[in-house]
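Peer 1: Before we start, here is the structure in question, set down as structure tokens.
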Amino acid sequence: MLSLAPRLAGARVKRVEDPRFLRGGGAYLDDLRIPGLLHAAFARSAHGHAELRHVEVGLARAAPGVVAVLTGPDLAEWVSPLAPRLEGPGFWPTRCPALAEDRLRFVGEPLAAVCAERASQAVDAAELVAVDCQPLSAVANVVSALAPGAPLLHEAAPGNVLFHRDHRHGDVEGAFARAHLVVGEAFTHARSSASPLEPRGLIASWEGERLTVWTGTQAPHIYRAGLARAFGVRDDQVRVIVPDTGGGFGQRMHVLSEDLAVAGLAWVTGRPVKWVETRRENLGCASHAREARVDIEAAADARGALLALRARVVSDNGAYHVYPLTAALEPLGMAGIIPGPYRTPAYEWDAVGVATNKPPLGAYRGVGMTMGAFVMERTLDLLAERLHVDPAEIRRRNLIPREAYPFLSAAGFVYDSGDFPKALEMALELADYEGLKRERERARGRGRLLGVGISCYTEYTGMGSATYRSRGMSDVPGHEAARVSIQLDGAVHCRLSMPSQGQGHATTTAQIVADELGVPLESVVVSQPDTDQTPAGSGTFASRGAVSQRGAAGAAAATLRRRVLDGAGALLEASPADLELRDGRVTVRGVPDRGVGMAEVAAAAGEGMLEVTEAFDPPGPTFSGAVHVASVEVDPETGRVALHRYVVVEDCGPVINPVIVEGQIHGAVAQGIGEALGERLVYDEWGQLLTGSLMDYPLPTAADVPSFILGHLETPSPLTPGGHKGMGEGGTIGAPAAIANAVADAVKLLGVKVISLPISSESLIAGVDR
């Protein structure tokens, strides 16, 4: 019997990119050195809202080392503002200039750009920029923005509403009329930041009318299109090169004002210009996430089975639509995912995105879905409490059974696959749920506050063009592509349209390609995108990586395999059907000594013949999900929350690499812990940021993160190649809800409500009798 080579897909393979990084071989943006490089810095608005009269830059221009200083009027005539589009009703556009022109709309908005020979000189000169402006009343929250007579941030957005849509499914009124029980609550989520380890930045350089940009974007072709539109050139006149990138989490998906201004500096100076964001700029000036309020009502029968939901979603979007996603991103995501993995016969929602004097809201890991899961999971626990039912049991009574898939959700999504009842039981067993409850009761007898929380969520992943067109997001193409080639030395090179910011694309893509081509893993090289050499696509976001890698790189490698076998057949004078490909060699089946190597096949085929490009448009969304169980203890004196045990059972379909999946879960849950227990950007009524450093904005540390117990459940998607589903955001979606439920369980005897994220220590002890 022939022995078959072990398949790499599904194997616990170590990340192939790590040795280079561990040896200091990474090349991040600030590592790049280009001859003649200048350095940029920005003068920024000190006001949340003001009329801009004049920007005086004379002293800055005369400062040592300064080569150029630009203001809004300098760029206005030849650089178009960012104006993302959304097709369909309920959209009111904004225009965000490269540099503020006549109005300042948030603290930190760039109003002048300086470049100098050294970075320190640019920073010093930026401080010399003087601003003449008339402060205006700020609208620093949605209440003031929606109030009658509130100052308008944009004439084109009446009432400061940027986005508004609604939806109804089923007989909502009838369900509420016959309900045994109705529970309702208002939930809020504070503004937060993606806070990647490496802040934003770019290098821009012009050669004639052709612009080259080096930047850690998550969406190089979308970024290219945004720059091309702003500068009035064709897409192919802009080249985007993605270096090694230290995290993205959605924030790097956007094109923001600074990107245009730095490219403008490069044009006027005729030299390359670099800008690297400071941590303070990242917290206060880059895109933010989450801030929202959801008012929800749930109707249920006597057993606690859901009959209907009503939700009013209001998103604090900040001053502008973010390019390319617009203010629809958060409210649409929240409203659509609230029903989660539960049977909900009737549902109506109303979703609004509101303009305020803060930086724009944009993508961040779990966008919309984190708040949606928090709202739904807290609501289920409130329902369980009113009915005196265990939180696990209320979920058993409402989860969609496996045999009901594909399942049409009340929000209009078609859930393709899943088995949440099984995932719930696996998670409860791994957590020793009954033991945790007994421990909780014993601890309460000794005055300790222990709690156990559960969350179940489903997330839309692997979305393609059909999804983005249905949303009206015409600036997001939706497809991906891969180019796979065999080099003359036998190495395999793969260029993906989607970059990596640490997710492990070089490993998982290599596993897929190596399996298809029958080559060793180490012979496959996966490159970061360069739009001059990489096929066009959309980018890395919305948990689309595994689906797109299999669909694009897997298909290209399969086509290339057939070409290799055809070429080797000619060399070996054998039928391709009688050949096998293994360990980088093609041999005649049953005659292992008769064969040729990949290099010989490539040389015989000629340069470029063994190269295949395949595009793939994901047919999704496909829906992955997980069950989280958290055990916490709340210190009754300080309100500090400590995590004792944390369990996740996830389902992303067949796993390409358990190491990658588990690493993604660990990182995402860590972010979710920070979101649940500390991360909060606070603004005063003038739009001034009060939490502008990591001393005030507490990211989670190793001491805050427990060891995780992980379980895997695989229900393949019928929609995608290989049955894969995305999973990169799930930990961030599920963790805040599970932790919130656990904390609420711990303090419920104190009469403390847990309805806001993050959960502040002071809120947990405010009502405690001392």
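FYI, nothing fancy with the structure tokens labels: chains A, B, ... in order, residues from 1 per chain, ligands from 1 as they appear.
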Would you give me, as a PDB file with all heavy atoms, in the first residue's frame, the residues in stretch 593-711 of chain A that DSSP reads as alpha helix (DSSP H)?

Peer 2:
ATOM      1  N   MET A 598      11.102  20.085  -8.644  1.00  0.00           N
ATOM      2  CA  MET A 598      10.351  21.288  -9.029  1.00  0.00           C
ATOM      3  C   MET A 598      11.209  22.232  -9.864  1.00  0.00           C
ATOM      4  O   MET A 598      10.722  22.866 -10.803  1.00  0.00           O
ATOM      5  CB  MET A 598       9.833  22.012  -7.790  1.00  0.00           C
ATOM      6  CG  MET A 598       8.606  21.390  -7.170  1.00  0.00           C
ATOM      7  SD  MET A 598       7.153  21.658  -8.196  1.00  0.00           S
ATOM      8  CE  MET A 598       5.871  21.205  -7.041  1.00  0.00           C
ATOM      9  N   ALA A 599      12.479  22.360  -9.512  1.00  0.00           N
ATOM     10  CA  ALA A 599      13.360  23.267 -10.247  1.00  0.00           C
ATOM     11  C   ALA A 599      13.487  22.847 -11.711  1.00  0.00           C
ATOM     12  O   ALA A 599      13.486  23.694 -12.618  1.00  0.00           O
ATOM     13  CB  ALA A 599      14.733  23.321  -9.583  1.00  0.00           C
ATOM     14  N   GLU A 600      13.587  21.543 -11.938  1.00  0.00           N
ATOM     15  CA  GLU A 600      13.693  21.048 -13.324  1.00  0.00           C
ATOM     16  C   GLU A 600      12.410  21.331 -14.107  1.00  0.00           C
ATOM     17  O   GLU A 600      12.448  21.734 -15.275  1.00  0.00           O
ATOM     18  CB  GLU A 600      13.980  19.551 -13.324  1.00  0.00           C
ATOM     19  CG  GLU A 600      15.315  19.164 -12.703  1.00  0.00           C
ATOM     20  CD  GLU A 600      15.453  17.666 -12.559  1.00  0.00           C
ATOM     21  OE1 GLU A 600      15.677  16.996 -13.586  1.00  0.00           O
ATOM     22  OE2 GLU A 600      15.286  17.162 -11.423  1.00  0.00           O
ATOM     23  N   VAL A 601      11.270  21.139 -13.441  1.00  0.00           N
ATOM     24  CA  VAL A 601       9.993  21.419 -14.115  1.00  0.00           C
ATOM     25  C   VAL A 601       9.882  22.897 -14.436  1.00  0.00           C
ATOM     26  O   VAL A 601       9.464  23.285 -15.535  1.00  0.00           O
ATOM     27  CB  VAL A 601       8.812  20.956 -13.239  1.00  0.00           C
ATOM     28  CG1 VAL A 601       7.484  21.286 -13.921  1.00  0.00           C
ATOM     29  CG2 VAL A 601       8.898  19.473 -12.952  1.00  0.00           C
ATOM     30  N   ALA A 602      10.281  23.762 -13.482  1.00  0.00           N
ATOM     31  CA  ALA A 602      10.206  25.202 -13.701  1.00  0.00           C
ATOM     32  C   ALA A 602      11.134  25.634 -14.830  1.00  0.00           C
ATOM     33  O   ALA A 602      10.770  26.464 -15.671  1.00  0.00           O
ATOM     34  CB  ALA A 602      10.557  25.940 -12.409  1.00  0.00           C
ATOM     35  N   ALA A 603      12.348  25.071 -14.862  1.00  0.00           N
ATOM     36  CA  ALA A 603      13.298  25.441 -15.909  1.00  0.00           C
ATOM     37  C   ALA A 603      12.785  25.025 -17.291  1.00  0.00           C
ATOM     38  O   ALA A 603      12.914  25.761 -18.273  1.00  0.00           O
ATOM     39  CB  ALA A 603      14.650  24.791 -15.630  1.00  0.00           C
ATOM     40  N   ALA A 604      12.175  23.853 -17.356  1.00  0.00           N
ATOM     41  CA  ALA A 604      11.666  23.385 -18.638  1.00  0.00           C
ATOM     42  C   ALA A 604      10.462  24.189 -19.107  1.00  0.00           C
ATOM     43  O   ALA A 604      10.269  24.422 -20.304  1.00  0.00           O
ATOM     44  CB  ALA A 604      11.289  21.903 -18.529  1.00  0.00           C
ATOM     45  N   ALA A 605       9.667  24.648 -18.152  1.00  0.00           N
ATOM     46  CA  ALA A 605       8.458  25.393 -18.509  1.00  0.00           C
ATOM     47  C   ALA A 605       8.788  26.795 -18.988  1.00  0.00           C
ATOM     48  O   ALA A 605       8.076  27.369 -19.798  1.00  0.00           O
ATOM     49  CB  ALA A 605       7.515  25.461 -17.312  1.00  0.00           C
ATOM     50  N   PRO A 658      -4.205  24.635  14.645  1.00  0.00           N
ATOM     51  CA  PRO A 658      -4.660  24.903  16.005  1.00  0.00           C
ATOM     52  C   PRO A 658      -3.797  25.928  16.738  1.00  0.00           C
ATOM     53  O   PRO A 658      -4.319  26.680  17.573  1.00  0.00           O
ATOM     54  CB  PRO A 658      -4.576  23.530  16.683  1.00  0.00           C
ATOM     55  CG  PRO A 658      -4.668  22.544  15.568  1.00  0.00           C
ATOM     56  CD  PRO A 658      -3.977  23.192  14.400  1.00  0.00           C
ATOM     57  N   VAL A 659      -2.510  25.985  16.453  1.00  0.00           N
ATOM     58  CA  VAL A 659      -1.633  26.964  17.109  1.00  0.00           C
ATOM     59  C   VAL A 659      -2.083  28.376  16.774  1.00  0.00           C
ATOM     60  O   VAL A 659      -2.157  29.255  17.642  1.00  0.00           O
ATOM     61  CB  VAL A 659      -0.167  26.753  16.686  1.00  0.00           C
ATOM     62  CG1 VAL A 659       0.721  27.873  17.220  1.00  0.00           C
ATOM     63  CG2 VAL A 659       0.341  25.405  17.175  1.00  0.00           C
ATOM     64  N   ILE A 660      -2.389  28.620  15.502  1.00  0.00           N
ATOM     65  CA  ILE A 660      -2.829  29.944  15.070  1.00  0.00           C
ATOM     66  C   ILE A 660      -4.187  30.272  15.680  1.00  0.00           C
ATOM     67  O   ILE A 660      -4.407  31.379  16.201  1.00  0.00           O
ATOM     68  CB  ILE A 660      -2.919  30.009  13.531  1.00  0.00           C
ATOM     69  CG1 ILE A 660      -1.543  29.740  12.899  1.00  0.00           C
ATOM     70  CG2 ILE A 660      -3.483  31.346  13.080  1.00  0.00           C
ATOM     71  CD1 ILE A 660      -0.521  30.804  13.146  1.00  0.00           C
ATOM     72  N   VAL A 661      -5.110  29.326  15.624  1.00  0.00           N
ATOM     73  CA  VAL A 661      -6.449  29.558  16.163  1.00  0.00           C
ATOM     74  C   VAL A 661      -6.378  29.874  17.651  1.00  0.00           C
ATOM     75  O   VAL A 661      -6.987  30.837  18.140  1.00  0.00           O
ATOM     76  CB  VAL A 661      -7.347  28.335  15.905  1.00  0.00           C
ATOM     77  CG1 VAL A 661      -8.658  28.440  16.687  1.00  0.00           C
ATOM     78  CG2 VAL A 661      -7.645  28.201  14.422  1.00  0.00           C
ATOM     79  N   GLU A 662      -5.630  29.087  18.388  1.00  0.00           N
ATOM     80  CA  GLU A 662      -5.548  29.303  19.830  1.00  0.00           C
ATOM     81  C   GLU A 662      -4.849  30.615  20.158  1.00  0.00           C
ATOM     82  O   GLU A 662      -5.239  31.323  21.099  1.00  0.00           O
ATOM     83  CB  GLU A 662      -4.850  28.114  20.487  1.00  0.00           C
ATOM     84  CG  GLU A 662      -5.719  26.858  20.444  1.00  0.00           C
ATOM     85  CD  GLU A 662      -4.958  25.572  20.714  1.00  0.00           C
ATOM     86  OE1 GLU A 662      -3.772  25.653  21.125  1.00  0.00           O
ATOM     87  OE2 GLU A 662      -5.541  24.489  20.510  1.00  0.00           O
ATOM     88  N   GLY A 663      -3.833  30.966  19.371  1.00  0.00           N
ATOM     89  CA  GLY A 663      -3.182  32.255  19.579  1.00  0.00           C
ATOM     90  C   GLY A 663      -4.123  33.418  19.327  1.00  0.00           C
ATOM     91  O   GLY A 663      -4.124  34.414  20.059  1.00  0.00           O
ATOM     92  N   GLN A 664      -4.951  33.297  18.272  1.00  0.00           N
ATOM     93  CA  GLN A 664      -5.943  34.334  17.996  1.00  0.00           C
ATOM     94  C   GLN A 664      -6.949  34.445  19.145  1.00  0.00           C
ATOM     95  O   GLN A 664      -7.331  35.554  19.543  1.00  0.00           O
ATOM     96  CB  GLN A 664      -6.673  34.017  16.697  1.00  0.00           C
ATOM     97  CG  GLN A 664      -5.845  34.211  15.445  1.00  0.00           C
ATOM     98  CD  GLN A 664      -5.663  35.679  15.099  1.00  0.00           C
ATOM     99  OE1 GLN A 664      -6.622  36.412  14.942  1.00  0.00           O
ATOM    100  NE2 GLN A 664      -4.429  36.097  14.998  1.00  0.00           N
ATOM    101  N   ILE A 665      -7.370  33.323  19.677  1.00  0.00           N
ATOM    102  CA  ILE A 665      -8.318  33.354  20.795  1.00  0.00           C
ATOM    103  C   ILE A 665      -7.684  33.999  22.017  1.00  0.00           C
ATOM    104  O   ILE A 665      -8.291  34.865  22.674  1.00  0.00           O
ATOM    105  CB  ILE A 665      -8.805  31.931  21.118  1.00  0.00           C
ATOM    106  CG1 ILE A 665      -9.646  31.379  19.959  1.00  0.00           C
ATOM    107  CG2 ILE A 665      -9.621  31.921  22.410  1.00  0.00           C
ATOM    108  CD1 ILE A 665      -9.979  29.913  20.090  1.00  0.00           C
ATOM    109  N   HIS A 666      -6.462  33.603  22.339  1.00  0.00           N
ATOM    110  CA  HIS A 666      -5.794  34.182  23.510  1.00  0.00           C
ATOM    111  C   HIS A 666      -5.713  35.702  23.395  1.00  0.00           C
ATOM    112  O   HIS A 666      -6.055  36.431  24.337  1.00  0.00           O
ATOM    113  CB  HIS A 666      -4.382  33.611  23.645  1.00  0.00           C
ATOM    114  CG  HIS A 666      -4.346  32.172  24.034  1.00  0.00           C
ATOM    115  ND1 HIS A 666      -3.176  31.442  24.058  1.00  0.00           N
ATOM    116  CD2 HIS A 666      -5.312  31.311  24.409  1.00  0.00           C
ATOM    117  CE1 HIS A 666      -3.422  30.210  24.437  1.00  0.00           C
ATOM    118  NE2 HIS A 666      -4.720  30.107  24.654  1.00  0.00           N
ATOM    119  N   GLY A 667      -5.247  36.178  22.234  1.00  0.00           N
ATOM    120  CA  GLY A 667      -5.094  37.611  22.060  1.00  0.00           C
ATOM    121  C   GLY A 667      -6.415  38.344  22.081  1.00  0.00           C
ATOM    122  O   GLY A 667      -6.536  39.424  22.675  1.00  0.00           O
ATOM    123  N   ALA A 668      -7.426  37.763  21.434  1.00  0.00           N
ATOM    124  CA  ALA A 668      -8.727  38.428  21.379  1.00  0.00           C
ATOM    125  C   ALA A 668      -9.390  38.466  22.750  1.00  0.00           C
ATOM    126  O   ALA A 668     -10.000  39.471  23.130  1.00  0.00           O
ATOM    127  CB  ALA A 668      -9.634  37.720  20.371  1.00  0.00           C
ATOM    128  N   VAL A 669      -9.301  37.384  23.512  1.00  0.00           N
ATOM    129  CA  VAL A 669      -9.882  37.386  24.851  1.00  0.00           C
ATOM    130  C   VAL A 669      -9.159  38.398  25.730  1.00  0.00           C
ATOM    131  O   VAL A 669      -9.789  39.103  26.532  1.00  0.00           O
ATOM    132  CB  VAL A 669      -9.855  35.974  25.471  1.00  0.00           C
ATOM    133  CG1 VAL A 669     -10.259  36.029  26.942  1.00  0.00           C
ATOM    134  CG2 VAL A 669     -10.790  35.039  24.717  1.00  0.00           C
ATOM    135  N   ALA A 670      -7.835  38.515  25.589  1.00  0.00           N
ATOM    136  CA  ALA A 670      -7.105  39.519  26.357  1.00  0.00           C
ATOM    137  C   ALA A 670      -7.634  40.920  26.046  1.00  0.00           C
ATOM    138  O   ALA A 670      -7.830  41.745  26.954  1.00  0.00           O
ATOM    139  CB  ALA A 670      -5.609  39.432  26.051  1.00  0.00           C
ATOM    140  N   GLN A 671      -7.870  41.199  24.759  1.00  0.00           N
ATOM    141  CA  GLN A 671      -8.449  42.494  24.408  1.00  0.00           C
ATOM    142  C   GLN A 671      -9.851  42.636  24.993  1.00  0.00           C
ATOM    143  O   GLN A 671     -10.232  43.721  25.465  1.00  0.00           O
ATOM    144  CB  GLN A 671      -8.497  42.657  22.889  1.00  0.00           C
ATOM    145  CG  GLN A 671      -7.134  42.992  22.296  1.00  0.00           C
ATOM    146  CD  GLN A 671      -7.211  43.238  20.797  1.00  0.00           C
ATOM    147  OE1 GLN A 671      -7.675  42.388  20.041  1.00  0.00           O
ATOM    148  NE2 GLN A 671      -6.733  44.385  20.358  1.00  0.00           N
ATOM    149  N   GLY A 672     -10.629  41.555  24.959  1.00  0.00           N
ATOM    150  CA  GLY A 672     -11.964  41.611  25.526  1.00  0.00           C
ATOM    151  C   GLY A 672     -11.948  41.857  27.024  1.00  0.00           C
ATOM    152  O   GLY A 672     -12.828  42.537  27.565  1.00  0.00           O
ATOM    153  N   ILE A 673     -10.953  41.317  27.719  1.00  0.00           N
ATOM    154  CA  ILE A 673     -10.811  41.568  29.162  1.00  0.00           C
ATOM    155  C   ILE A 673     -10.560  43.053  29.407  1.00  0.00           C
ATOM    156  O   ILE A 673     -11.157  43.667  30.296  1.00  0.00           O
ATOM    157  CB  ILE A 673      -9.680  40.708  29.744  1.00  0.00           C
ATOM    158  CG1 ILE A 673     -10.088  39.230  29.742  1.00  0.00           C
ATOM    159  CG2 ILE A 673      -9.313  41.162  31.159  1.00  0.00           C
ATOM    160  CD1 ILE A 673      -8.947  38.270  30.049  1.00  0.00           C
ATOM    161  N   GLY A 674      -9.658  43.644  28.606  1.00  0.00           N
ATOM    162  CA  GLY A 674      -9.405  45.079  28.747  1.00  0.00           C
ATOM    163  C   GLY A 674     -10.648  45.893  28.481  1.00  0.00           C
ATOM    164  O   GLY A 674     -10.939  46.880  29.177  1.00  0.00           O
ATOM    165  N   GLU A 675     -11.401  45.493  27.477  1.00  0.00           N
ATOM    166  CA  GLU A 675     -12.629  46.203  27.115  1.00  0.00           C
ATOM    167  C   GLU A 675     -13.679  46.072  28.212  1.00  0.00           C
ATOM    168  O   GLU A 675     -14.440  47.005  28.472  1.00  0.00           O
ATOM    169  CB  GLU A 675     -13.152  45.636  25.806  1.00  0.00           C
ATOM    170  CG  GLU A 675     -14.241  46.435  25.155  1.00  0.00           C
ATOM    171  CD  GLU A 675     -14.542  45.953  23.738  1.00  0.00           C
ATOM    172  OE1 GLU A 675     -13.660  45.324  23.112  1.00  0.00           O
ATOM    173  OE2 GLU A 675     -15.661  46.198  23.277  1.00  0.00           O
ATOM    174  N   ALA A 676     -13.716  44.918  28.865  1.00  0.00           N
ATOM    175  CA  ALA A 676     -14.715  44.685  29.900  1.00  0.00           C
ATOM    176  C   ALA A 676     -14.396  45.410  31.196  1.00  0.00           C
ATOM    177  O   ALA A 676     -15.313  45.855  31.907  1.00  0.00           O
ATOM    178  CB  ALA A 676     -14.837  43.185  30.176  1.00  0.00           C
ATOM    179  N   LEU A 677     -13.120  45.555  31.505  1.00  0.00           N
ATOM    180  CA  LEU A 677     -12.756  45.968  32.862  1.00  0.00           C
ATOM    181  C   LEU A 677     -11.952  47.263  32.965  1.00  0.00           C
ATOM    182  O   LEU A 677     -11.620  47.661  34.084  1.00  0.00           O
ATOM    183  CB  LEU A 677     -11.965  44.843  33.542  1.00  0.00           C
ATOM    184  CG  LEU A 677     -12.704  43.516  33.715  1.00  0.00           C
ATOM    185  CD1 LEU A 677     -11.793  42.462  34.323  1.00  0.00           C
ATOM    186  CD2 LEU A 677     -13.950  43.703  34.574  1.00  0.00           C
TER     187      LEU A 677
END

Peer 1: At a cut-off of 12 Å, can you tabulate as JSON lines every residue of stretch 440-517 of chain A near stretch 309-330 of chain A together with its closest atom pair and the distance in Å to one decimal, using only C-alpha atoms and ordering rows by chain then number?

Peer 2:
{"residue": "A:Tyr468", "atom": "CA", "partner": "A:Leu325", "partner_atom": "CA", "distance": 9.8}
{"residue": "A:Arg471", "atom": "CA", "partner": "A:Ala328", "partner_atom": "CA", "distance": 8.6}
{"residue": "A:Gly472", "atom": "CA", "partner": "A:Ala328", "partner_atom": "CA", "distance": 9.5}
{"residue": "A:Met473", "atom": "CA", "partner": "A:Leu325", "partner_atom": "CA", "distance": 6.7}
{"residue": "A:Ser474", "atom": "CA", "partner": "A:Pro324", "partner_atom": "CA", "distance": 8.5}
{"residue": "A:Asp475", "atom": "CA", "partner": "A:Pro324", "partner_atom": "CA", "distance": 5.7}
{"residue": "A:Val476", "atom": "CA", "partner": "A:Pro324", "partner_atom": "CA", "distance": 6.8}
{"residue": "A:Pro477", "atom": "CA", "partner": "A:Pro324", "partner_atom": "CA", "distance": 10.5}

Peer 1: Store the residues picked out above, limited to C-alpha atoms, as an mmCIF file, in the first residue's frame.

Peer 2:
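Everything below was put into again38.cif:
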data_model
loop_
_atom_site.group_PDB
_atom_site.id
_atom_site.type_symbol
_atom_site.label_atom_id
_atom_site.label_comp_id
_atom_site.auth_asym_id
_atom_site.auth_seq_id
_atom_site.Cartn_x
_atom_site.Cartn_y
_atom_site.Cartn_z
ATOM 1 C CA TYR A 468 -20.885 44.790 1.050
ATOM 2 C CA ARG A 471 -24.970 47.156 2.910
ATOM 3 C CA GLY A 472 -24.357 49.843 0.301
ATOM 4 C CA MET A 473 -20.589 49.964 0.957
ATOM 5 C CA SER A 474 -19.448 50.629 -2.602
ATOM 6 C CA ASP A 475 -15.855 51.458 -1.582
ATOM 7 C CA VAL A 476 -15.230 47.905 -0.272
ATOM 8 C CA PRO A 477 -14.794 45.465 -3.214
#

Peer 1: Pick out each residue of stretch 222-276 of chain A that DSSP on the backbone tags as strand (DSSP E or B); I need them as a list in words.

Peer 2: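 In stretch 222-276 of chain A, DSSP puts these residues in strand (DSSP E or B): Val238, Arg239, Val240, Ile241, Asp244, Val255, Val273, Lys274, Trp275 and Val276 of chain A.
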
Peer 1: Name the closest residue to A:Thr508 among the candidates A:Ser631, A:Gln533, A:Thr379, A:Ser548; distances are taken between atoms, counting only C-alpha atoms.

Peer 2: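 Of A:Ser631, A:Gln533, A:Thr379, A:Ser548, the one nearest A:Thr508 is A:Ser548, counting only C-alpha atoms.
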
Peer 1: Give me, as JSON lines, the closest atom pair and its distance (Å, one decimal) for every residue of stretch 719-746 of chain A within a cut-off of 9 Å of stretch 452-459 of chain A, counting only C-alpha atoms, rows sorted by chain and rising number.

Peer 2:
{"residue": "A:Gly726", "atom": "CA", "partner": "A:Glu459", "partner_atom": "CA", "distance": 8.6}
{"residue": "A:Met727", "atom": "CA", "partner": "A:Glu459", "partner_atom": "CA", "distance": 8.4}
{"residue": "A:Glu729", "atom": "CA", "partner": "A:Glu459", "partner_atom": "CA", "distance": 8.3}
{"residue": "A:Gly730", "atom": "CA", "partner": "A:Glu459", "partner_atom": "CA", "distance": 7.2}
{"residue": "A:Ile733", "atom": "CA", "partner": "A:Tyr457", "partner_atom": "CA", "distance": 7.4}
{"residue": "A:Gly734", "atom": "CA", "partner": "A:Ser455", "partner_atom": "CA", "distance": 6.1}
{"residue": "A:Ala735", "atom": "CA", "partner": "A:Ser455", "partner_atom": "CA", "distance": 7.7}
{"residue": "A:Pro736", "atom": "CA", "partner": "A:Ser455", "partner_atom": "CA", "distance": 8.7}
{"residue": "A:Ala737", "atom": "CA", "partner": "A:Ser455", "partner_atom": "CA", "distance": 5.8}
{"residue": "A:Ala738", "atom": "CA", "partner": "A:Ser455", "partner_atom": "CA", "distance": 4.7}
{"residue": "A:Ile739", "atom": "CA", "partner": "A:Gly453", "partner_atom": "CA", "distance": 6.1}
{"residue": "A:Ala740", "atom": "CA", "partner": "A:Gly453", "partner_atom": "CA", "distance": 7.2}
{"residue": "A:Asn741", "atom": "CA", "partner": "A:Gly453", "partner_atom": "CA", "distance": 4.5}
{"residue": "A:Ala742", "atom": "CA", "partner": "A:Gly453", "partner_atom": "CA", "distance": 3.7}
{"residue": "A:Val743", "atom": "CA", "partner": "A:Gly453", "partner_atom": "CA", "distance": 7.4}
{"residue": "A:Ala744", "atom": "CA", "partner": "A:Gly453", "partner_atom": "CA", "distance": 8.2}
{"residue": "A:Asp745", "atom": "CA", "partner": "A:Val452", "partner_atom": "CA", "distance": 6.3}
{"residue": "A:Ala746", "atom": "CA", "partner": "A:Val452", "partner_atom": "CA", "distance": 7.3}

Peer 1: Write out, as a compact mmCIF listing (two decimals), in the first residue's frame, the residues just selected, with C-alpha atoms.

Peer 2:
# COMPACT_ATOMS: atom_id res chain seq x y z
CA GLY A 726 -13.44 32.98 10.26
CA MET A 727 -12.47 33.28 13.91
CA GLU A 729 -12.51 38.43 16.31
CA GLY A 730 -14.45 36.00 18.45
CA ILE A 733 -16.89 39.52 21.03
CA GLY A 734 -17.52 36.90 23.68
CA ALA A 735 -15.28 37.98 26.55
CA PRO A 736 -16.94 41.26 27.63
CA ALA A 737 -20.37 39.62 27.77
CA ALA A 738 -19.15 36.59 29.75
CA ILE A 739 -17.21 38.76 32.19
CA ALA A 740 -20.13 41.17 32.59
CA ASN A 741 -22.47 38.28 33.39
CA ALA A 742 -19.95 36.85 35.86
CA VAL A 743 -19.49 40.20 37.62
CA ALA A 744 -23.26 40.75 37.72
CA ASP A 745 -23.62 37.30 39.29
CA ALA A 746 -21.00 38.14 41.89

Peer 1: Rank A:Cys285, A:Glu127, A:Val255, A:Trp92 by their smallest atom-to-atom distance to A:Pro110, using only C-alpha atoms, and report the top residue only.

Peer 2: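 Counting only C-alpha atoms, the residue closest to A:Pro110 is A:Cys285.
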
Peer 1: Show which residues sit within 12 Å of stretch 76-85 of chain A, as a ChimeraX atom specification. Count only C-alpha atoms, and ignore same-chain residues fewer than 5 positions away.

Peer 2: /A:70-71,90-102,111,162-163,222-223,225-233,254-265,267-268,320-328,468-469,471-476

Peer 1: Between A:Ala542, A:Ala119, A:Val16, A:Val172, single out the one closest to A:Gly248, counting only C-alpha atoms.

Peer 2: A:Ala542

Peer 1: Set out as a Markdown table a contact list for stretch 634-698 of chain A and stretch 414-427 of chain A with a cut-off of 7 Å, giving each residue of stretch 634-698 of chain A that qualifies its closest atom pair and distance in Å to one decimal, counting only C-alpha atoms, ordered by chain and rising residue number.

Peer 2:
| residue | atom | partner | partner_atom | distance |
| --- | --- | --- | --- | --- |
| A:Val647 | CA | A:Ala427 | CA | 6.4 |
| A:Val648 | CA | A:Ala427 | CA | 6.5 |
| A:Val649 | CA | A:Ala427 | CA | 5.6 |

Peer 1: Hey, can you check how far atom CA of A:Glu348 sits from atom CA of A:Gly731?

Peer 2: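 According to the coordinates, atom CA of A:Glu348 and atom CA of A:Gly731 are separated by 27.2 Å.
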
Peer 1: Taking only C-alpha atoms into account, name the residue in A:Arg561, A:His388, A:Arg680, A:Arg544 that is nearest to A:His288.

Peer 2: A:Arg680

Peer 1: Restricting the calculation to only C-alpha atoms: of A:Leu689, A:Leu565, A:Ala536, A:Ala410, which residue gets closest to A:Phe616?

Peer 2: A:Ala536

Peer 1: Check the smallest atom-to-atom distance from each of A:Val629, A:Met334, A:Ser717, A:Val143 to A:Asp350 using only C-alpha atoms, then report the winner.

Peer 2: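 Of all the options, A:Met334 lies closest to A:Asp350.
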
Peer 1: Show which residues sit within 8 Å of A:Val240, as a list in words. Count only C-alpha atoms, and ignore same-chain residues fewer than 3 positions away.

Peer 2: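 Residues meeting the cut-off are Thr212, Val213, Trp214, Thr215, Pro220, His221, Tyr223, Arg224, Pro529, Asp530, Thr531 and Asp532 of chain A.
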